[in-house]
Each structure stands twice: as structure tokens, then as C-alpha cells.
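Student: Below is one structure. I have some questions about it.
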Amino acid sequence: MAEELKKLTSRVQGVEGGKGFEGLNYEDLCIQPDVKLPEGYKPPKFEMFDGTCDPKVHLRTYCDKLVGVGKYERIRMNLFMRSLTGYALLWYIIQNTKKWVSWVSMVLYFMDRFKFNTENAPDVFYIQNLKKKPTETFREYATRWRLEVAKVRPALEEEKMNKFFVRA
């Protein structure tokens, strides 16, 4: 009976705060455990990054939402996870966040991991060869074409876009 009580006590302690389980305490799991948000501050609703878009665009929209607290590096780092979803959130969670000593170090890891999204951007030749599918209307094709043009790096100028669109 005493052994059963000891096992049960151990389980309860584990549930209560990660006691007895290495790396599960709040301080171990949180990048900035001592960051306090200003009183009354409500974090904004962030655009979510799932790992499939341009990471730099995400960082810009993220920072733009941090009106009033964005100048505080530790708050930026603390709130960043709230802007991630899907694969990007999984990537973040499995990182050793102790290696991120600053906002810049965290962002460098983030950019490095998701830079393939910008490296695989379509080029002008891809746009030139984009054809209308037999099952889509011209309007659907034009919308799809413009969406693909928006991904081209470096960005196409409006004049060149119109020139290609007339040819297509």
C-alpha cells in the first residue's frame, strides 16, 4: 500500500508542475519565462505562418502588429510563437530555445529554416509558359496567373506583367 501511495504521489507531482520530469518546468519550456506584458496589453491577432509562405513577409507583418511593444526584444520573442501554425509551429516547438539569445538569433534560425520558400519562387520563364487549363474560365486563369506573378523574385514590374499577360 505504501508503494502504491508513493507512485500516486509521484504522478500527482509530475502533473502539478513537471516535478520529476526534466525539461518540463515552465522555465525550461518558455523562451522568456520572466517576460511580463504591460498591464492591460492584449496581444493582437497575428497573421499565421504555416511554413509555406515567404518568411520575411511574415516577419514584417508580425512586427507591424506589435504596435506599442515591438521595441521590446523580449516581448517580440515571447509573442512570436503565437504567429505560427502547422509545420512552422512544430518546428518552433522542437527547437532548443536557449540558443536564441536575441531576437536576431531567433530570426536567423527562422529565416534559414524557411528560406526555401523564396528560393523556389517561379521565374519569368515559368510565367511565360503558364497556360490556361481546359477546365478553368479565363477569369480563373487570369487570377491564377496574377497569383503566380506575385511570387516571382525579383518582382515583375506592372509594365512587364501586362506585356506577358497579353501574350498568354
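Chains: A, B, ... in order of the C-alpha cells. Residues: from 1 per chain. Ligands: from 1, in order shown.
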I want to know what sits within 7 Å of Pro55 (chain A), based on only C-alpha atoms, with residues of the same chain fewer than 4 positions away left out; could you give that as a list in words?
Tutor: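 Near Pro55 (chain A), the qualifying residues are Leu59, Met111, Phe114 and Lys115 of chain A.
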Student: Determine, counting only C-alpha atoms, which protein, DNA and RNA residues have an atom within 7 Å of an atom of region 47-49 of chain A; residues of the same chain fewer than 6 positions away are not included. Present the result as JSON, numbers by chain.
Tutor: {"A": [58, 83, 84, 85, 88]}
Student: So what do you get for CA of Leu79 (chain A) versus CA of Lys151 (chain A), distance-wise?
Tutor: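 Here the two named atoms are 27.7 Å from each other.
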Student: For region 36-44 of chain A, list every protein, DNA or RNA residue within 8 Å, evaluated using only C-alpha atoms, and leave out those in the same chain fewer than 6 positions away; present the list as a PyMOL selection string.
Tutor: chain A and resi 65-66+75+79
Student: Let me see the file: selected residues, N, CA, C and O atoms, as an mmCIF file, in the first residue's frame.
Tutor:
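Okay, result.cif is ready:
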```
data_model
loop_
_atom_site.group_PDB
_atom_site.id
_atom_site.type_symbol
_atom_site.label_atom_id
_atom_site.label_comp_id
_atom_site.auth_asym_id
_atom_site.auth_seq_id
_atom_site.Cartn_x
_atom_site.Cartn_y
_atom_site.Cartn_z
ATOM 1 N N LYS A 65 2.410 44.348 -36.377
ATOM 2 C CA LYS A 65 1.291 44.178 -35.441
ATOM 3 C C LYS A 65 1.672 44.513 -34.000
ATOM 4 O O LYS A 65 0.798 44.668 -33.159
ATOM 5 N N LEU A 66 2.957 44.617 -33.706
ATOM 6 C CA LEU A 66 3.409 44.813 -32.333
ATOM 7 C C LEU A 66 3.473 46.284 -31.934
ATOM 8 O O LEU A 66 4.393 46.708 -31.239
ATOM 9 N N ILE A 75 9.719 40.812 -25.518
ATOM 10 C CA ILE A 75 8.285 40.645 -25.798
ATOM 11 C C ILE A 75 8.100 40.136 -27.217
ATOM 12 O O ILE A 75 7.281 39.249 -27.467
ATOM 13 N N LEU A 79 6.129 36.595 -27.919
ATOM 14 C CA LEU A 79 4.867 36.510 -28.656
ATOM 15 C C LEU A 79 4.989 35.804 -30.009
ATOM 16 O O LEU A 79 3.978 35.443 -30.610
#
```
Student: When you draw a straight line from CA of Asp64 (chain A) to CA of Ser105 (chain A), how long is it in Å?
Tutor: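 The value is 19.3 Å.
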Student: Between A:Pro134, A:Glu4, A:Asp54, A:Pro33, which one has atoms that come closest to Thr97 (chain A), using only C-alpha atoms?
Tutor: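 Among the listed residues, the smallest separation from Thr97 (chain A) belongs to A:Pro33.
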Student: Report, in Å with one decimal, the straight-line distance from CA of Arg82 (chain A) to CA of Arg113 (chain A).
Tutor: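 Interatomic distance, CA of Arg82 (chain A) to CA of Arg113 (chain A): 17.9 Å.
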Student: Got a sec: who's within 12 Å of Trp103 (chain A), counting only C-alpha atoms, leaving out chain neighbours fewer than 2 positions off, as a list in words?
Tutor: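 Neighbouring residues, sequence-local ones excluded: Ile31, Gln32, Leu59, Cys63, Gly70, Lys71, Tyr72, Glu73, Arg74, Ile75, Arg76, Met77, Asn78, Leu79, Phe80, Thr97, Lys99, Trp100, Val101, Ser105, Met106, Val107, Leu108, Tyr109 and Phe110 of chain A.
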Student: Find, counting only C-alpha atoms, the residue in A:Gln95, A:Ala142, A:Tyr87, A:Gln128 that gets nearest to Cys53 (chain A).
Tutor: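 Closest candidate: A:Tyr87.
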